[in-house]
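*Asks:* Next up is a structure, given as structure tokens.
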Amino acid sequence: MSIQNAENIAQQVAKIAWDGKFPVNPEKIVRTLNALRQRDGGTPLIELVGASTADLNGASGMAEWVEQGAAQYKCSFNNQESLARQRFTQAHELGHVMLKHVDQKTPRMRDDRFDNDTPIETDANAFAAELLMPRRWMPELFARAESLTALAETLGVSITALHYRLKNLRIA
């Protein structure tokens, strides 16, 4: 997989499940994806679950393929972190599912190292960044923003995530 492919998949997910409002709500996207799947006769695909730092052994999140349960995949996020961090983690773990990083052969994807730059983690980060800060909208949103802090609030992301996104898009 490549960063471009990860972004393309995020764009497809947004096209299907995003309501067009900022900040993008990963929980609402998961609910919409599940509703579409149920409409077509399937079971819910993804369960998004808040968990404590202790439950996640210090990690921000984890994506799992679940053999039995209400959904096929479980995406856990640390509900004790900041709301902006929770939202990015939700999108990142959803990325692991949508990018097929977790399945029967690799049932769990969890990384508790902040500086992990493996291709899988880079792709999940690219998916999350595209989902929460869509390339299509960033130039316009950046031009209209009164400040980076205001833009981060509009997008519901941290200043750090916004800086990386603007740098990667070569906007600022």
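Here, A, B, ... name the chains of the structure tokens in the order displayed, residue numbers run from 1 inside each chain, and ligands are numbered from 1 in the same displayed order.
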Mind checking DSSP for stretch 58-160 of chain A and telling me the helix (DSSP H, G or I) residues as a VMD selection string?

*Replies:* chain A and resid 83 to 98 119 to 132 138 to 144 148 to 155 159 to 160

*Asks:* Determine, counting only C-alpha atoms, which protein, DNA and RNA residues have an atom within 8 Å of an atom of stretch 23-39 of chain A; residues of the same chain fewer than 6 positions away are not included. Present the result as number ranges by chain.

*Replies:* A: 14, 16-17, 45-48, 87, 90-91, 131-132, 154-156

*Asks:* Go ahead and write the selection's residues with C-alpha atoms as a PDB file, in the first residue's frame.

*Replies:*
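selection-v3.pdb, freshly written:
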ATOM      1  CA  ALA A  14     -15.840   9.884   3.065  1.00  0.00           C
ATOM      2  CA  ILE A  16     -19.980   7.008   1.159  1.00  0.00           C
ATOM      3  CA  ALA A  17     -20.308   7.939   4.826  1.00  0.00           C
ATOM      4  CA  LEU A  45     -18.744  -4.272  10.289  1.00  0.00           C
ATOM      5  CA  ILE A  46     -17.033  -2.128  12.908  1.00  0.00           C
ATOM      6  CA  GLU A  47     -17.466  -1.512  16.615  1.00  0.00           C
ATOM      7  CA  LEU A  48     -15.818   1.683  17.885  1.00  0.00           C
ATOM      8  CA  ARG A  87     -10.777  11.570  17.009  1.00  0.00           C
ATOM      9  CA  GLN A  90     -10.579   6.656  15.870  1.00  0.00           C
ATOM     10  CA  ALA A  91      -9.806   7.584  12.266  1.00  0.00           C
ATOM     11  CA  LEU A 131     -10.462  11.588   6.474  1.00  0.00           C
ATOM     12  CA  LEU A 132     -10.256  14.380   9.078  1.00  0.00           C
ATOM     13  CA  THR A 154     -12.793  23.763  12.967  1.00  0.00           C
ATOM     14  CA  LEU A 155     -11.282  20.424  11.960  1.00  0.00           C
ATOM     15  CA  GLY A 156     -11.334  18.968  15.478  1.00  0.00           C
TER      16      GLY A 156
END

*Asks:* Between atom CA of A:Ala71 and atom CA of A:Gly42, what is the distance in Å, rounded to a tenth?

*Replies:* 10.0 Å

*Asks:* Rounded to one decimal place, report the atom CA of A:Glu121-atom CA of A:Thr43 distance in Å.

*Replies:*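 Spanning atom CA of A:Glu121 to atom CA of A:Thr43 is a straight-line distance of 27.5 Å.
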
*Asks:* How many Å lie between atom CA of A:Asn79 and atom CA of A:Val157, rounded to one decimal?

*Replies:* 15.1 Å

*Asks:* For A:Leu162, which of A:Ala143, A:Ala84, A:Val97, A:Val49 is the closest residue, counting only C-alpha atoms?

*Replies:*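 When distances to A:Leu162 are compared using only C-alpha atoms, the smallest one comes from A:Ala84.
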
*Asks:* Show which residues sit within 9 Å of A:Pro119, as a list of chain:residue names. Count only C-alpha atoms, and ignore same-chain residues fewer than 2 positions away.

*Replies:*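 So the residues in contact are A:Met1, A:Ser2, A:Ile3, A:Asp117, A:Glu121, A:Thr122, A:Asp123, A:Ala124.
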
*Asks:* Please give the complete set of residues from stretch 11-107 of chain A that DSSP, run on the backbone, assigns to strand (DSSP E), formatted as a list in words.

*Replies:*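 Residues meeting the strand (DSSP E) criterion: Ile46, Glu47, Leu48, Val49, Gly50, Ala51, Gly61, Met62, Ala63, Glu64, Trp65, Tyr73, Lys74, Cys75, Ser76, Phe77 and Asn78 of chain A.
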
*Asks:* Mind writing the picked residues with N, CA and C atoms as a compact mmCIF listing (two decimals), in the first residue's frame?

*Replies:*
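File produced: out38.txt:
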# COMPACT_ATOMS: atom_id res chain seq x y z
N ILE A 46 -18.02 -2.71 12.00
CA ILE A 46 -17.03 -2.13 12.91
C ILE A 46 -17.70 -1.68 14.20
N GLU A 47 -17.05 -2.01 15.31
CA GLU A 47 -17.47 -1.51 16.62
C GLU A 47 -16.37 -0.56 17.08
N LEU A 48 -16.76 0.67 17.40
CA LEU A 48 -15.82 1.68 17.89
C LEU A 48 -16.03 1.82 19.38
N VAL A 49 -14.99 1.57 20.17
CA VAL A 49 -15.13 1.47 21.62
C VAL A 49 -14.10 2.32 22.34
N GLY A 50 -14.56 3.15 23.27
CA GLY A 50 -13.65 3.88 24.13
C GLY A 50 -13.11 2.96 25.21
N ALA A 51 -11.84 3.10 25.53
CA ALA A 51 -11.20 2.26 26.54
C ALA A 51 -10.23 3.11 27.36
N GLY A 61 -4.67 3.42 20.82
CA GLY A 61 -5.75 2.68 20.17
C GLY A 61 -5.30 1.31 19.71
N MET A 62 -6.28 0.58 19.19
CA MET A 62 -6.02 -0.77 18.71
C MET A 62 -7.14 -1.16 17.76
N ALA A 63 -6.79 -1.83 16.68
CA ALA A 63 -7.77 -2.39 15.75
C ALA A 63 -7.66 -3.90 15.82
N GLU A 64 -8.82 -4.57 15.85
CA GLU A 64 -8.83 -6.03 15.97
C GLU A 64 -9.85 -6.65 15.04
N TRP A 65 -9.51 -7.79 14.49
CA TRP A 65 -10.47 -8.64 13.82
C TRP A 65 -11.07 -9.50 14.91
N TYR A 73 -15.04 -6.22 13.21
CA TYR A 73 -13.84 -5.52 13.65
C TYR A 73 -14.15 -4.68 14.87
N LYS A 74 -13.17 -4.56 15.74
CA LYS A 74 -13.30 -3.71 16.92
C LYS A 74 -12.16 -2.70 16.90
N CYS A 75 -12.52 -1.43 16.93
CA CYS A 75 -11.53 -0.35 16.98
C CYS A 75 -11.66 0.31 18.35
N SER A 76 -10.63 0.16 19.16
CA SER A 76 -10.61 0.76 20.49
C SER A 76 -9.78 2.03 20.45
N PHE A 77 -10.22 3.02 21.21
CA PHE A 77 -9.47 4.27 21.32
C PHE A 77 -9.40 4.67 22.78
N ASN A 78 -8.33 5.35 23.15
CA ASN A 78 -8.13 5.77 24.53
C ASN A 78 -9.02 6.96 24.83

*Asks:* With distances taken over only C-alpha atoms, which residue among A:Leu166, A:Ile120, A:Arg85, A:Ala129 lies nearest A:Phe142?

*Replies:*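 Between A:Leu166, A:Ile120, A:Arg85, A:Ala129, the residue approaching A:Phe142 most closely is A:Leu166.
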